[in-house]
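my_file_31.json (JSON, C-alpha atoms and all ligand atoms) appears below.
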[["chain", "number", "residue", "atom", "x", "y", "z"],
["C", 1, "MET", "CA", 75.05, 56.42, 70.92],
["C", 2, "GLU", "CA", 73.30, 53.36, 72.19],
["C", 3, "LEU", "CA", 70.17, 52.28, 70.36],
["C", 4, "ALA", "CA", 67.04, 50.93, 72.02],
["C", 5, "ILE", "CA", 64.65, 48.20, 70.87],
["C", 6, "CYS", "CA", 61.93, 49.50, 68.53],
["C", 7, "PRO", "CA", 58.40, 48.68, 69.76],
["C", 8, "VAL", "CA", 57.24, 48.16, 66.16],
["C", 9, "CYS", "CA", 59.91, 46.19, 64.28],
["C", 10, "LYS", "CA", 61.68, 44.85, 67.44],
["C", 11, "LYS", "CA", 65.14, 45.64, 66.04],
["C", 12, "GLN", "CA", 67.74, 47.49, 68.07],
["C", 13, "SER", "CA", 67.51, 50.60, 65.94],
["C", 14, "LEU", "CA", 65.61, 53.12, 68.03],
["C", 15, "LEU", "CA", 67.22, 56.52, 68.51],
["C", 16, "LEU", "CA", 66.20, 58.48, 71.59],
["C", 17, "SER", "CA", 66.71, 62.17, 72.03],
["C", 18, "MET", "CA", 65.77, 64.41, 74.91],
["C", 19, "ARG", "CA", 65.99, 68.14, 75.40],
["C", 20, "THR", "CA", 64.57, 70.64, 77.84],
["C", 21, "GLU", "CA", 62.90, 73.94, 77.13],
["C", 22, "GLU", "CA", 61.76, 76.76, 79.40],
["C", 23, "ILE", "CA", 58.20, 77.83, 78.64],
["C", 24, "PRO", "CA", 57.29, 81.22, 80.13],
["C", 25, "TYR", "CA", 54.31, 81.05, 82.54],
["C", 26, "PHE", "CA", 54.45, 77.25, 82.49],
["C", 27, "GLY", "CA", 57.89, 76.05, 83.53],
["C", 28, "LYS", "CA", 60.57, 73.73, 82.29],
["C", 29, "ILE", "CA", 59.52, 70.90, 80.00],
["C", 30, "ILE", "CA", 61.23, 67.81, 78.64],
["C", 31, "ILE", "CA", 60.74, 67.04, 74.96],
["C", 32, "LEU", "CA", 61.33, 63.40, 74.17],
["C", 33, "THR", "CA", 61.54, 62.09, 70.63],
["C", 34, "THR", "CA", 62.24, 58.59, 69.36],
["C", 35, "ARG", "CA", 62.83, 57.47, 65.81],
["C", 36, "CYS", "CA", 63.53, 54.03, 64.38],
["C", 37, "GLU", "CA", 66.33, 53.90, 61.82],
["C", 38, "ASN", "CA", 64.92, 50.67, 60.45],
["C", 39, "CYS", "CA", 61.14, 51.02, 60.09],
["C", 40, "LYS", "CA", 60.89, 54.84, 60.46],
["C", 41, "PHE", "CA", 58.56, 54.58, 63.47],
["C", 42, "LYS", "CA", 58.40, 57.97, 65.21],
["C", 43, "HIS", "CA", 57.13, 59.06, 68.58],
["C", 44, "ALA", "CA", 57.23, 62.33, 70.46],
["C", 45, "ASP", "CA", 56.08, 63.45, 73.88],
["C", 46, "VAL", "CA", 56.37, 66.34, 76.32],
["C", 47, "PHE", "CA", 56.44, 66.37, 80.13],
["C", 48, "THR", "CA", 56.89, 68.98, 82.79],
["C", 49, "VAL", "CA", 59.97, 68.76, 84.98],
["C", 50, "GLU", "CA", 58.10, 69.76, 88.14],
["C", 51, "ILE", "CA", 55.34, 67.65, 89.62],
["C", 52, "LYS", "CA", 52.04, 69.34, 88.88],
["C", 53, "GLU", "CA", 48.42, 68.84, 89.87],
["C", 54, "PRO", "CA", 45.64, 67.51, 87.66],
["C", 55, "LEU", "CA", 44.56, 70.55, 85.69],
["C", 56, "SER", "CA", 41.97, 71.73, 83.23],
["C", 57, "TYR", "CA", 42.56, 74.73, 80.97],
["C", 58, "LYS", "CA", 39.83, 76.47, 79.06],
["C", 59, "ILE", "CA", 40.05, 79.29, 76.54],
["C", 60, "ARG", "CA", 37.52, 81.09, 74.40],
["C", 61, "VAL", "CA", 38.97, 81.68, 70.93],
["C", 62, "GLU", "CA", 37.45, 84.78, 69.43],
["C", 63, "CYS", "CA", 39.83, 86.25, 66.87],
["C", 64, "GLU", "CA", 42.77, 85.40, 64.65],
["C", 65, "GLU", "CA", 45.20, 86.55, 67.33],
["C", 66, "ASP", "CA", 43.86, 83.95, 69.77],
["C", 67, "LEU", "CA", 44.80, 81.25, 67.26],
["C", 68, "ASN", "CA", 48.47, 81.99, 67.97],
["C", 69, "THR", "CA", 48.08, 80.90, 71.61],
["C", 70, "LYS", "CA", 50.68, 78.30, 72.51],
["C", 71, "VAL", "CA", 49.45, 74.84, 73.51],
["C", 72, "ILE", "CA", 51.49, 72.10, 75.14],
["C", 73, "ARG", "CA", 49.84, 68.76, 74.72],
["C", 74, "SER", "CA", 51.41, 65.80, 76.48],
["C", 75, "SER", "CA", 50.31, 62.27, 75.53],
["C", 76, "SER", "CA", 48.24, 62.30, 78.74],
["C", 77, "GLY", "CA", 46.25, 65.38, 77.68],
["C", 78, "THR", "CA", 42.67, 65.36, 76.40],
["C", 79, "ILE", "CA", 41.69, 68.13, 73.98],
["C", 80, "ILE", "CA", 38.02, 69.00, 73.65],
["C", 81, "ILE", "CA", 36.32, 71.41, 71.24],
["C", 82, "PRO", "CA", 32.60, 71.29, 72.22],
["C", 83, "GLU", "CA", 31.47, 73.29, 69.15],
["C", 84, "LEU", "CA", 32.81, 70.53, 66.91],
["C", 85, "GLY", "CA", 31.92, 67.66, 69.20],
["C", 86, "ILE", "CA", 35.56, 66.59, 68.90],
["C", 87, "LYS", "CA", 37.70, 65.03, 71.60],
["C", 88, "ILE", "CA", 41.35, 64.06, 71.17],
["C", 89, "GLU", "CA", 42.11, 61.47, 73.84],
["C", 90, "PRO", "CA", 45.26, 59.76, 75.07],
["C", 91, "GLY", "CA", 45.92, 56.29, 73.74],
["C", 92, "THR", "CA", 48.76, 53.98, 72.84],
["C", 93, "HIS", "CA", 49.64, 56.03, 69.76],
["C", 94, "ALA", "CA", 49.04, 59.45, 71.31],
["C", 95, "GLN", "CA", 51.82, 61.89, 70.64],
["C", 96, "GLY", "CA", 52.87, 64.86, 72.67],
["C", 97, "PHE", "CA", 53.48, 68.13, 70.89],
["C", 98, "ILE", "CA", 53.92, 71.86, 71.26],
["C", 99, "THR", "CA", 51.88, 73.90, 68.84],
["C", 100, "ASN", "CA", 49.40, 76.76, 68.78],
["C", 101, "ILE", "CA", 45.62, 76.64, 68.57],
["C", 102, "GLU", "CA", 45.75, 76.93, 64.81],
["C", 103, "GLY", "CA", 48.07, 73.92, 64.75],
["C", 104, "ILE", "CA", 45.43, 71.89, 66.59],
["C", 105, "LEU", "CA", 42.78, 72.93, 64.05],
["C", 106, "GLU", "CA", 45.19, 71.91, 61.30],
["C", 107, "ARG", "CA", 45.55, 68.45, 62.81],
["C", 108, "ILE", "CA", 41.78, 68.08, 63.06],
["C", 109, "GLU", "CA", 41.41, 69.24, 59.45],
["C", 110, "LYS", "CA", 43.90, 66.60, 58.31],
["C", 111, "VAL", "CA", 41.96, 63.83, 60.05],
["C", 112, "LEU", "CA", 38.65, 65.07, 58.62],
["C", 113, "LYS", "CA", 40.11, 65.23, 55.08],
["C", 114, "PHE", "CA", 41.32, 61.68, 55.49],
["C", 115, "GLN", "CA", 37.84, 60.64, 56.63],
["C", 116, "LEU", "CA", 36.41, 62.31, 53.55],
["C", 117, "LYS", "CA", 38.26, 59.73, 51.47],
["C", 118, "THR", "CA", 37.57, 56.72, 53.66],
["C", 119, "GLN", "CA", 34.21, 57.31, 55.34],
["C", 120, "LYS", "CA", 30.97, 55.71, 54.18],
["C", 121, "VAL", "CA", 28.60, 57.97, 52.22],
["C", 122, "LYS", "CA", 26.19, 58.13, 55.16],
["C", 123, "LYS", "CA", 28.67, 60.04, 57.29],
["C", 124, "LEU", "CA", 30.11, 62.25, 54.57],
["C", 125, "ARG", "CA", 27.71, 65.11, 55.12],
["C", 126, "LYS", "CA", 28.68, 65.36, 58.77],
["C", 127, "VAL", "CA", 32.40, 65.37, 57.90],
["C", 128, "LYS", "CA", 31.85, 68.11, 55.30],
["C", 129, "GLU", "CA", 29.91, 70.17, 57.83],
["C", 130, "LEU", "CA", 32.74, 69.87, 60.35],
["C", 131, "LEU", "CA", 35.35, 70.81, 57.74],
["C", 132, "ALA", "CA", 33.43, 73.98, 56.85],
["C", 133, "LYS", "CA", 33.31, 74.90, 60.56],
["C", 134, "VAL", "CA", 37.05, 74.26, 61.04],
["C", 135, "GLU", "CA", 37.81, 76.50, 58.06],
["C", 136, "LYS", "CA", 35.78, 79.36, 59.59],
["C", 137, "MET", "CA", 37.53, 78.81, 62.93],
["C", 138, "ARG", "CA", 40.95, 78.96, 61.25],
["C", 139, "ASN", "CA", 40.02, 82.29, 59.68],
["C", 140, "GLY", "CA", 38.89, 83.70, 63.01],
["C", 141, "LYS", "CA", 35.31, 83.94, 61.75],
["C", 142, "LEU", "CA", 33.80, 81.45, 64.15],
["C", 143, "GLY", "CA", 34.40, 81.62, 67.88],
["C", 144, "PHE", "CA", 34.91, 78.41, 69.84],
["C", 145, "THR", "CA", 36.10, 76.96, 73.13],
["C", 146, "LEU", "CA", 39.20, 74.87, 73.60],
["C", 147, "ILE", "CA", 39.51, 72.71, 76.71],
["C", 148, "LEU", "CA", 42.63, 70.80, 77.69],
["C", 149, "LYS", "CA", 42.56, 68.37, 80.61],
["C", 150, "ASP", "CA", 45.59, 66.55, 81.95],
["C", 151, "PRO", "CA", 45.56, 64.34, 85.07],
["C", 152, "PHE", "CA", 49.32, 64.89, 85.44],
["C", 153, "GLY", "CA", 49.44, 68.60, 84.66],
["C", 154, "ASN", "CA", 51.84, 67.97, 81.78],
["C", 155, "SER", "CA", 49.69, 69.89, 79.30],
["C", 156, "GLY", "CA", 48.71, 73.54, 79.21],
["C", 157, "ILE", "CA", 47.29, 76.48, 77.28],
["C", 158, "ILE", "CA", 49.77, 79.33, 77.65],
["C", 159, "SER", "CA", 47.67, 82.50, 77.76],
["C", 160, "LYS", "CA", 46.44, 85.02, 80.29],
["C", 161, "LYS", "CA", 43.01, 84.50, 78.76],
["C", 162, "ALA", "CA", 43.01, 80.79, 79.63],
["C", 163, "LYS", "CA", 41.15, 79.77, 82.77],
["C", 164, "LYS", "CA", 42.96, 77.18, 84.84],
["C", 165, "ARG", "CA", 41.41, 74.97, 87.52],
["C", 166, "ARG", "CA", 42.04, 71.73, 89.36],
["C", 167, "LEU", "CA", 40.26, 68.66, 87.99],
["C", 168, "SER", "CA", 37.62, 67.16, 90.27],
["C", 169, "LYS", "CA", 37.84, 63.53, 91.42],
["C", 170, "ARG", "CA", 34.90, 62.63, 89.23],
["C", 171, "GLU", "CA", 36.50, 64.22, 86.16],
["C", 172, "LEU", "CA", 39.72, 62.37, 86.87],
["C", 173, "LYS", "CA", 37.86, 59.07, 86.96],
["C", 174, "ASN", "CA", 36.33, 59.74, 83.55],
["C", 175, "LEU", "CA", 39.55, 60.80, 81.85],
["C", 176, "LYS", "CA", 41.54, 58.43, 79.72],
["C", 177, "THR", "CA", 45.18, 58.59, 80.67],
["C", 178, "GLY", "CA", 46.95, 56.37, 78.14],
["C", 179, "LEU", "CA", 48.15, 52.83, 78.72],
["C", 180, "ILE", "CA", 51.80, 53.56, 79.36],
["C", 181, "ILE", "CA", 51.07, 56.09, 82.07],
["C", 182, "LEU", "CA", 48.50, 53.84, 83.75],
["C", 183, "GLU", "CA", 51.19, 51.21, 84.19],
["C", 184, "MET", "CA", 53.48, 53.76, 85.77],
["C", 185, "THR", "CA", 50.95, 54.94, 88.32],
["C", 186, "LYS", "CA", 50.19, 51.41, 89.56],
["C", 187, "LYS", "CA", 53.39, 51.34, 91.60],
["C", 201, "ZN", "ZN", 61.39, 49.96, 64.02]]
Show me, as structure tokens, the structure contained in the file I just sent.
Amino acid sequence: MELAICPVCKKQSLLLSMRTEEIPYFGKIIILTTRCENCKFKHADVFTVEIKEPLSYKIRVECEEDLNTKVIRSSSGTIIIPELGIKIEPGTHAQGFITNIEGILERIEKVLKFQLKTQKVKKLRKVKELLAKVEKMRNGKLGFTLILKDPFGNSGIISKKAKKRRLSKRELKNLKTGLIILEMTKK
């Protein structure tokens, strides 16, 4: 297998692998993963095979069962949880992943726990407050809203409960899309 140049260590030691998966009620997706044999750099992303419109998904999470809802987050997707005031935006290091709503809460928890160790004392109370909320959400004891916006329609919340709508022009303007994708759309 031919190796590509690693964006981090610049050696020709990057392994690429690609596979497709059929997601019911969403369509076929491509899962792309890269891994550097030399510096262990890893990147993953997901895309839809079909061309889709800019979409926003919204779901109200009310019980433990809702936490099992499948979520496809491409690197171009923005995740918002208004009750936490948290927004996960695309960026150069944004990864794509397939998970469920609990998996997203887990990721947020990890970041908050890291902040607990590194944040200045002034902000610690806020971080602790958020962690307590996330714990309640993970136990299905605190309802919340999950919004997922993707200008390319590569992301989605796979549930009958999720409300899907087209993003407005104004929303599209305000969404971050990630550097790599911006370059692609210039053409
Ligand atoms: Zn490398």
Exercise: residues within 12 Å of coordinate (51.9, 65.1, 69.0), counting all atoms listed in the file, as an MDAnalysis selection string = chainID C and resid 31:33 42:46 71:79 88:91 93:100 103:104 107 155
task = Would you list the residues that come within 9 Å of ligand ZN 201 (chain C)? Count all atoms listed in the file and give the answer as a list in words.
result = Ile5, Cys6, Pro7, Val8, Cys9, Lys10, Lys11, Gln12, Ser13, Leu14, Arg35, Cys36, Glu37, Asn38, Cys39, Lys40, Phe41 and Lys42 of chain C
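CA of Arg19 (chain C) is positioned 27.8 Å from CA of Asp66 (chain C).
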key: Lys133 (chain C) environment, 9 Å, all atoms listed in the file, sequence neighbours closer than 5 positions dropped, as a list of chain:residue names   = C:Glu83, C:Leu84, C:Lys128, C:Arg138, C:Leu142
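Between CA of Leu172 (chain C) and CA of Ser56 (chain C) the interatomic distance comes to 10.3 Å.
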message = Set the distance at 12 Å and use all atoms listed in the file: which residues neighbour Lys169 (chain C) once local chain neighbours fewer than 6 positions away are removed? I'd like the list as a VMD selection string.
response = chain C and resid 53 to 55 151 175
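Take CA of Val134 (chain C) and CA of Ile101 (chain C): the distance between them is 11.7 Å.
Taking all atoms listed in the file into account, Gln115 (chain C) lies nearest to C:Val127 out of the set C:Val127, C:Leu167, C:Leu67, C:Ile59.
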